[in-house]
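J.: Input: one structure, supplied below.
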Amino acid sequence: MATRHWPALVAICQRETIKFWHQRGRLLSALVRPALWLVVFAAGFQNIFGVSIIPPYETYIEYQVYVVPGLLGMVLLFNGMQSSLAMVYDREMGLMRLLLTAPQPRWFLLFSKLVAGTLLSVLQAYAFLVLCLVFRVDIPWFGWITAFPTLVLAGLMLGALGLLLSVSIRQLENFAGTMNFVIFPMFFISTALYPLWKLKESGAMWVYYLASFNPFTHAVEMIRFALYGQLNLLSSLVVLGALGIFFLLAVWGYDPQRGLIQRTRQA
Amino acid sequence: MATLSVQSVSKSYGSVQALQQVSFELDSGFYALLGPNGAGKSTLFQLLTGLFAPDQGEIVLNGLAIKKDLPAALAQMGVVFQQTALDLDLSVQTNLDFHGKLHGMHKAVIKTRSQVVLAQLELSEVASTPCRALSGGNRRKVELARALMTEPKLLLMDEATVGLDPASRATLLAYVHQLCDQQNLCVLWATHLIDEAEAAKQVLVLHKGKLLAQDSPAQLIAQTNAASLLDAFFKLSGETRGMEAKVARL
């Protein structure tokens with residue numbers, strides 16, 4: 001008799017949610033980081049970074065408004081990497097073995113982990129939107145609804161990247177490298193803090209090109225447009241494509257027959 | 001048909017040959033996989049559970065090839081790993097629930113089965129206790145309870161008594177022997193402790209990645225003209241008594 005999949009997906013989501021509930025400081029730290037950027041950084045740079053009228057905006061906007069999609073992306077990015085850290089922790093604690101020896105297809109177990117991580121990412125993103133409301137950052141009310149699918153898609157894409165990274169991170173200590181080589185470059189070489197044309201205008205062409213190809217840029221732009229009820233088709237397709245590539249590579253990486261996990265003694 | 005069939009299985013990590021052409025077959029009963037640390041016991045368990053794939057050879061559980069039918073084969077397997085694999089922040093019951101759901105079990109079945117296994121292992125009173133608050137012996141019992149939740153045909157115990165005091169070790173061992181008798185279960189019990197192998201139906205002697213022998217303790221002793229199972233191990237492996245530190249007597 002075939003094993004039922006649905007209870008496994010629910011169990012993995014429940015476990016991640018319970019663990020998150022037990023680690024309440026995690027929500028706080030997930031909010032403090034973007035809140036600092038919103039309140040301190042955006043206030044300080046309000047008059048330095050002039051943002052001209054660019055789609056999806058129809059008028060001049062405050063810098064605080066401009067950075068909100070980038071900071072939502074930051075919440076998703078950090079939580080995606082946190083999920084990767086949790087995978088490495090589970091591997092060190094032996095819990096990964098329990099998961100990988102469940103009678104479910106491996107891709108489905110990884111998919112369930114991805115869904116569970118994204119669920120938490122999206123919850124945190126909405127908690128940040130509440131914070132934006134508190135700080136009176138002007139975001140259209142309907143944006144809360146129209147941004148939902150893009151937050152889910154971006155959360156899945158960044159979570160899949162985290163899954164992929166967890167294949168090759170052998171120890172928790174190596175996670176600092178992920179911060180330096182993945183999170184920071186991905187965040188800073190993107191449109192999270194400044195629009196692409198600013199980079200071009202300042203002559204930093206290689207940064208401009210890197211940012212143009214950065215999937216995080218497209219995740220941020222997809223969310224930015226969705227917050228104003230618009231669809232950025234190109235960015236959505238790029239994020240969808242990146243999600244597919246990252247997830248397939250992660251499944252390959254965890255494949256005991258072929259993947260990177262095969263080359264280690266630890267599973 | 002054998003419950004578990006392992007045919008010509010080899011595995012290496014880079015230049016280290018962890019297992020070399022290992023073949024054996026198991027039916028129901030208690031089988032001890034005896035070997036010192038580094039013999040390849042854990043590697044064999046990783047191959048049996050599909051965590052890694054063998055470089056060559058085939059593993060079949062009740063007609064299901066691990067390579068092709070891994071989820072179906074895993075559904076018939078209960079595993080207790082050498083390293084504790086409990087979520088320490090969660091309660092005993094939540095750990096069991098999580099495992100049951102991973103195996104696709106219905107809520108009602110999980111409830112019934114968890115009550116049965118917790119009662120069998122005298123853990124009912126600690127069902128709502130976080131695993132972190134349990135003793136080492138009880139944590140192992142919870143892992144065994146979890147492995148038994150799904151009524152497996154094959155129970156893999158990878159040095160499950162490591163870190164336990166003698167009394168807890170004896171209790172766990174006795175309980176698993178009792179299970180074998182009552183439920184017609186096939187148990188593969190990896191150990192480096194001779195006394196844990198003495199009551200086994202058969203002992204599989206693994207040394208430096210090679211399976212040196214598979215027979216009943218009495219037959220192994222007789223075949224090697226040894227005085228004890230420990231002596232038989234030394235004669236089979238060609239090791240000296242200095243190995244005693246590795247293959248220890250209680």
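Chain labels A, B, ... are given in the sequence in which chains occur in the structure tokens; within each chain residues are numbered consecutively from 1, and ligands are likewise numbered from 1 in the order shown.
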Skipping near chain neighbours, those fewer than 2 positions away, what residues fall within 12 Å of Ile66 of chain B using only C-alpha atoms, listed as an MDAnalysis selection string?
T.: (chainID A and resid 101 103 256:257) or (chainID B and resid 4:7 46:54 57:64 68:77)
J.: Determine which residues of segment 159-193 of chain A receive a DSSP assignment of helix (DSSP H, G or I), computed from the backbone, and state them as an MDAnalysis selection string.
T.: chainID A and resid 159:168 172:188
J.: Since we have the selection now, will you write its residues out, keeping C-alpha atoms, as an mmCIF file, in the first residue's frame?
T.:
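In the end it all went to result.cif:
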```cif
data_model
loop_
_atom_site.group_PDB
_atom_site.id
_atom_site.type_symbol
_atom_site.label_atom_id
_atom_site.label_comp_id
_atom_site.auth_asym_id
_atom_site.auth_seq_id
_atom_site.Cartn_x
_atom_site.Cartn_y
_atom_site.Cartn_z
ATOM 1 C CA GLY A 159 14.046 28.624 0.779
ATOM 2 C CA ALA A 160 15.068 26.389 -2.134
ATOM 3 C CA LEU A 161 18.377 28.251 -2.256
ATOM 4 C CA GLY A 162 18.766 27.557 1.473
ATOM 5 C CA LEU A 163 18.031 23.850 0.887
ATOM 6 C CA LEU A 164 20.635 23.757 -1.856
ATOM 7 C CA LEU A 165 23.227 25.407 0.358
ATOM 8 C CA SER A 166 22.499 22.988 3.199
ATOM 9 C CA VAL A 167 23.715 20.118 0.993
ATOM 10 C CA SER A 168 27.253 21.412 1.033
ATOM 11 C CA LEU A 172 27.088 24.843 11.750
ATOM 12 C CA GLU A 173 30.382 26.728 12.042
ATOM 13 C CA ASN A 174 30.482 27.071 8.251
ATOM 14 C CA PHE A 175 27.301 29.084 8.304
ATOM 15 C CA ALA A 176 29.201 32.349 8.761
ATOM 16 C CA GLY A 177 30.569 31.762 5.272
ATOM 17 C CA THR A 178 27.021 31.612 3.953
ATOM 18 C CA MET A 179 26.362 35.017 5.505
ATOM 19 C CA ASN A 180 29.412 36.542 3.859
ATOM 20 C CA PHE A 181 29.248 34.839 0.498
ATOM 21 C CA VAL A 182 25.505 34.485 -0.090
ATOM 22 C CA ILE A 183 23.256 36.672 2.057
ATOM 23 C CA PHE A 184 25.191 39.948 2.003
ATOM 24 C CA PRO A 185 26.152 39.941 -1.715
ATOM 25 C CA MET A 186 22.646 38.852 -2.669
ATOM 26 C CA PHE A 187 21.067 41.625 -0.626
ATOM 27 C CA PHE A 188 23.433 44.477 -1.431
#
```
J.: Give me, please, the distance in Å between atom CA of Thr224 of chain B and atom CA of Asp195 of chain B, quoted to one decimal.
T.: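 Separation of atom CA of Thr224 of chain B and atom CA of Asp195 of chain B: 18.2 Å.
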J.: Using only C-alpha atoms, which chain A residues lie at most 6 Å away from chain B, written as a ChimeraX atom specification?
T.: /A:3-5,7-8,11,94-95,102-104,256-257
J.: Limited to N, CA and C atoms, could you put the picked residues into a file as a tab-separated table (two decimals), in the first residue's frame?
T.:
```tsv
chain	number	residue	atom	x	y	z
A	3	THR	N	2.31	4.86	0.76
A	3	THR	CA	2.30	5.69	1.95
A	3	THR	C	1.61	7.01	1.64
A	4	ARG	N	0.79	7.47	2.57
A	4	ARG	CA	0.11	8.75	2.35
A	4	ARG	C	1.09	9.90	2.56
A	5	HIS	N	1.01	10.89	1.66
A	5	HIS	CA	1.96	12.00	1.70
A	5	HIS	C	1.49	13.15	2.58
A	7	PRO	N	-0.14	13.60	5.48
A	7	PRO	CA	0.22	13.71	6.90
A	7	PRO	C	1.70	14.08	7.09
A	8	ALA	N	2.56	13.63	6.19
A	8	ALA	CA	3.99	13.94	6.33
A	8	ALA	C	4.22	15.43	6.13
A	11	ALA	N	2.92	17.17	9.16
A	11	ALA	CA	3.80	16.94	10.31
A	11	ALA	C	5.03	17.84	10.25
A	94	GLY	N	21.33	14.49	14.18
A	94	GLY	CA	20.86	13.17	13.78
A	94	GLY	C	19.41	13.14	13.32
A	95	LEU	N	18.72	14.28	13.46
A	95	LEU	CA	17.29	14.29	13.10
A	95	LEU	C	17.06	14.20	11.59
A	102	ALA	N	12.23	8.30	6.32
A	102	ALA	CA	10.76	8.17	6.27
A	102	ALA	C	10.38	7.60	4.90
A	103	PRO	N	9.32	6.79	4.88
A	103	PRO	CA	8.96	6.15	3.60
A	103	PRO	C	8.23	7.10	2.65
A	104	GLN	N	8.89	8.17	2.31
A	104	GLN	CA	8.35	9.15	1.37
A	104	GLN	C	9.44	9.42	0.34
A	256	PRO	N	20.93	10.03	-2.68
A	256	PRO	CA	22.03	9.16	-2.22
A	256	PRO	C	22.76	8.46	-3.36
A	257	GLN	N	22.13	8.37	-4.53
A	257	GLN	CA	22.77	7.67	-5.65
A	257	GLN	C	23.79	8.57	-6.36
```
J.: With a distance cut-off of 9 Å and only C-alpha atoms, select the neighbouring residues of Gln171 of chain A, excluding the residue or stretch itself and same-chain residues fewer than 6 positions from it, and output the selection as number ranges by chain.
T.: A: 88-89, 91-92
J.: Name all residues at most 9 Å from Val238 of chain A (count only C-alpha atoms; drop same-chain ones fewer than 4 positions away) and give them as an mmCIF file with N, CA and C atoms, in the first residue's frame.
T.:
```cif
data_model
loop_
_atom_site.group_PDB
_atom_site.id
_atom_site.type_symbol
_atom_site.label_atom_id
_atom_site.label_comp_id
_atom_site.auth_asym_id
_atom_site.auth_seq_id
_atom_site.Cartn_x
_atom_site.Cartn_y
_atom_site.Cartn_z
ATOM 1 N N PRO A 215 18.689 36.818 -8.797
ATOM 2 C CA PRO A 215 17.276 36.430 -8.610
ATOM 3 C C PRO A 215 16.609 37.195 -7.463
ATOM 4 N N HIS A 218 14.937 40.246 -8.659
ATOM 5 C CA HIS A 218 13.641 39.967 -9.285
ATOM 6 C C HIS A 218 12.576 39.629 -8.243
ATOM 7 N N ALA A 219 13.014 38.981 -7.159
ATOM 8 C CA ALA A 219 12.051 38.705 -6.074
ATOM 9 C C ALA A 219 11.550 40.026 -5.487
ATOM 10 N N LEU A 233 5.872 40.566 -14.898
ATOM 11 C CA LEU A 233 5.936 39.233 -15.496
ATOM 12 C C LEU A 233 7.364 38.709 -15.582
ATOM 13 N N LEU A 234 8.282 39.571 -16.048
ATOM 14 C CA LEU A 234 9.666 39.128 -16.214
ATOM 15 C C LEU A 234 10.243 38.649 -14.876
ATOM 16 N N ALA A 242 14.253 30.357 -11.146
ATOM 17 C CA ALA A 242 15.291 30.161 -10.113
ATOM 18 C C ALA A 242 14.821 29.141 -9.083
ATOM 19 N N LEU A 243 13.536 29.217 -8.721
ATOM 20 C CA LEU A 243 12.970 28.244 -7.771
ATOM 21 C C LEU A 243 13.132 26.828 -8.314
#
```
J.: Ranking B:Ala127, B:Ile221, B:Ala227, B:Val9 by minimum distance to Ser23 of chain B and counting only C-alpha atoms, which one comes first?
T.: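 Among the listed residues, the smallest separation from Ser23 of chain B belongs to B:Val9.
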J.: Please report the interatomic distance between atom CA of Leu19 of chain B and atom CA of Leu229 of chain B in Å with one decimal.
T.: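 According to the coordinates, atom CA of Leu19 of chain B and atom CA of Leu229 of chain B are separated by 22.9 Å.
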J.: With only C-alpha atoms counted and 8 Å as the cut-off, give the residues of segment 169-259 of chain A in contact with segment 55-67 of chain A, each with its shortest interatomic distance in Å and the pair that gives it, as a Markdown table.
T.:
```
| residue | atom | partner | partner_atom | distance |
| --- | --- | --- | --- | --- |
| A:Ala192 | CA | A:Val67 | CA | 6.1 |
| A:Leu193 | CA | A:Val67 | CA | 5.7 |
| A:Tyr194 | CA | A:Val67 | CA | 7.9 |
| A:Arg224 | CA | A:Pro56 | CA | 7.4 |
| A:Phe225 | CA | A:Pro56 | CA | 5.6 |
| A:Tyr228 | CA | A:Pro56 | CA | 6.7 |
| A:Gln230 | CA | A:Pro56 | CA | 7.3 |
```
J.: To one decimal in Å, tell me the separation between atom CA of Leu158 of chain A and atom CA of Lys200 of chain A.
T.: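 That distance, rounded to one decimal, is 26.1 Å.
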J.: Write out as a list of chain:residue names which residues come within 12 Å of Tyr175 of chain B when counting only C-alpha atoms, dropping same-chain ones fewer than 6 positions away.
T.: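 Everything that qualifies: B:Phe30, B:Val117, B:Gln120, B:Leu121, B:Glu122, B:Lys141, B:Leu144, B:Ala145, B:Ser168, B:Arg169, B:Asp181, B:Gln182, B:Gln183, B:Val187.
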J.: Selection from above, N, CA and C atoms, as a compact mmCIF listing (two decimals), in the first residue's frame, can you write it?
T.:
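Writing the result to again.txt gives the following:
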```txt
# COMPACT_ATOMS: atom_id res chain seq x y z
N PHE B 30 16.76 -12.70 16.14
CA PHE B 30 17.70 -11.68 16.62
C PHE B 30 19.09 -11.97 16.04
N VAL B 117 2.78 1.03 22.23
CA VAL B 117 4.24 0.95 22.37
C VAL B 117 4.73 1.64 23.64
N GLN B 120 4.05 -0.81 26.37
CA GLN B 120 4.99 -1.94 26.29
C GLN B 120 6.36 -1.57 26.88
N LEU B 121 6.77 -0.35 26.61
CA LEU B 121 8.10 0.07 27.06
C LEU B 121 8.07 0.85 28.38
N GLU B 122 6.91 0.79 29.03
CA GLU B 122 6.73 1.45 30.33
C GLU B 122 7.07 2.94 30.27
N LYS B 141 14.67 4.20 24.90
CA LYS B 141 13.40 3.47 24.88
C LYS B 141 12.37 4.22 24.01
N LEU B 144 13.15 3.44 20.52
CA LEU B 144 12.69 2.09 20.18
C LEU B 144 11.17 2.09 19.99
N ALA B 145 10.48 2.79 20.90
CA ALA B 145 9.02 2.89 20.78
C ALA B 145 8.65 3.50 19.43
N SER B 168 20.25 -0.44 32.20
CA SER B 168 19.43 0.01 31.07
C SER B 168 19.75 -0.81 29.82
N ARG B 169 21.03 -1.13 29.68
CA ARG B 169 21.46 -1.94 28.52
C ARG B 169 20.78 -3.31 28.56
N ASP B 181 10.70 -12.78 19.80
CA ASP B 181 9.97 -14.01 20.06
C ASP B 181 8.47 -13.82 19.84
N GLN B 182 7.96 -12.69 20.31
CA GLN B 182 6.50 -12.46 20.28
C GLN B 182 5.99 -12.07 18.90
N GLN B 183 6.76 -11.29 18.18
CA GLN B 183 6.23 -10.69 16.95
C GLN B 183 6.87 -11.20 15.66
N VAL B 187 15.53 -8.74 13.69
CA VAL B 187 16.29 -7.65 14.31
C VAL B 187 17.76 -7.78 13.93
```
J.: Please provide as a VMD selection string all residues within 12 Å of Leu156 of chain A, with the sequence filter that same-chain residues fewer than 6 positions apart are discarded (counting only C-alpha atoms).
T.: chain A and resid 73 76 to 77 79 to 81 83 110 to 122 149 to 150 162 to 163 216 219 239 to 247
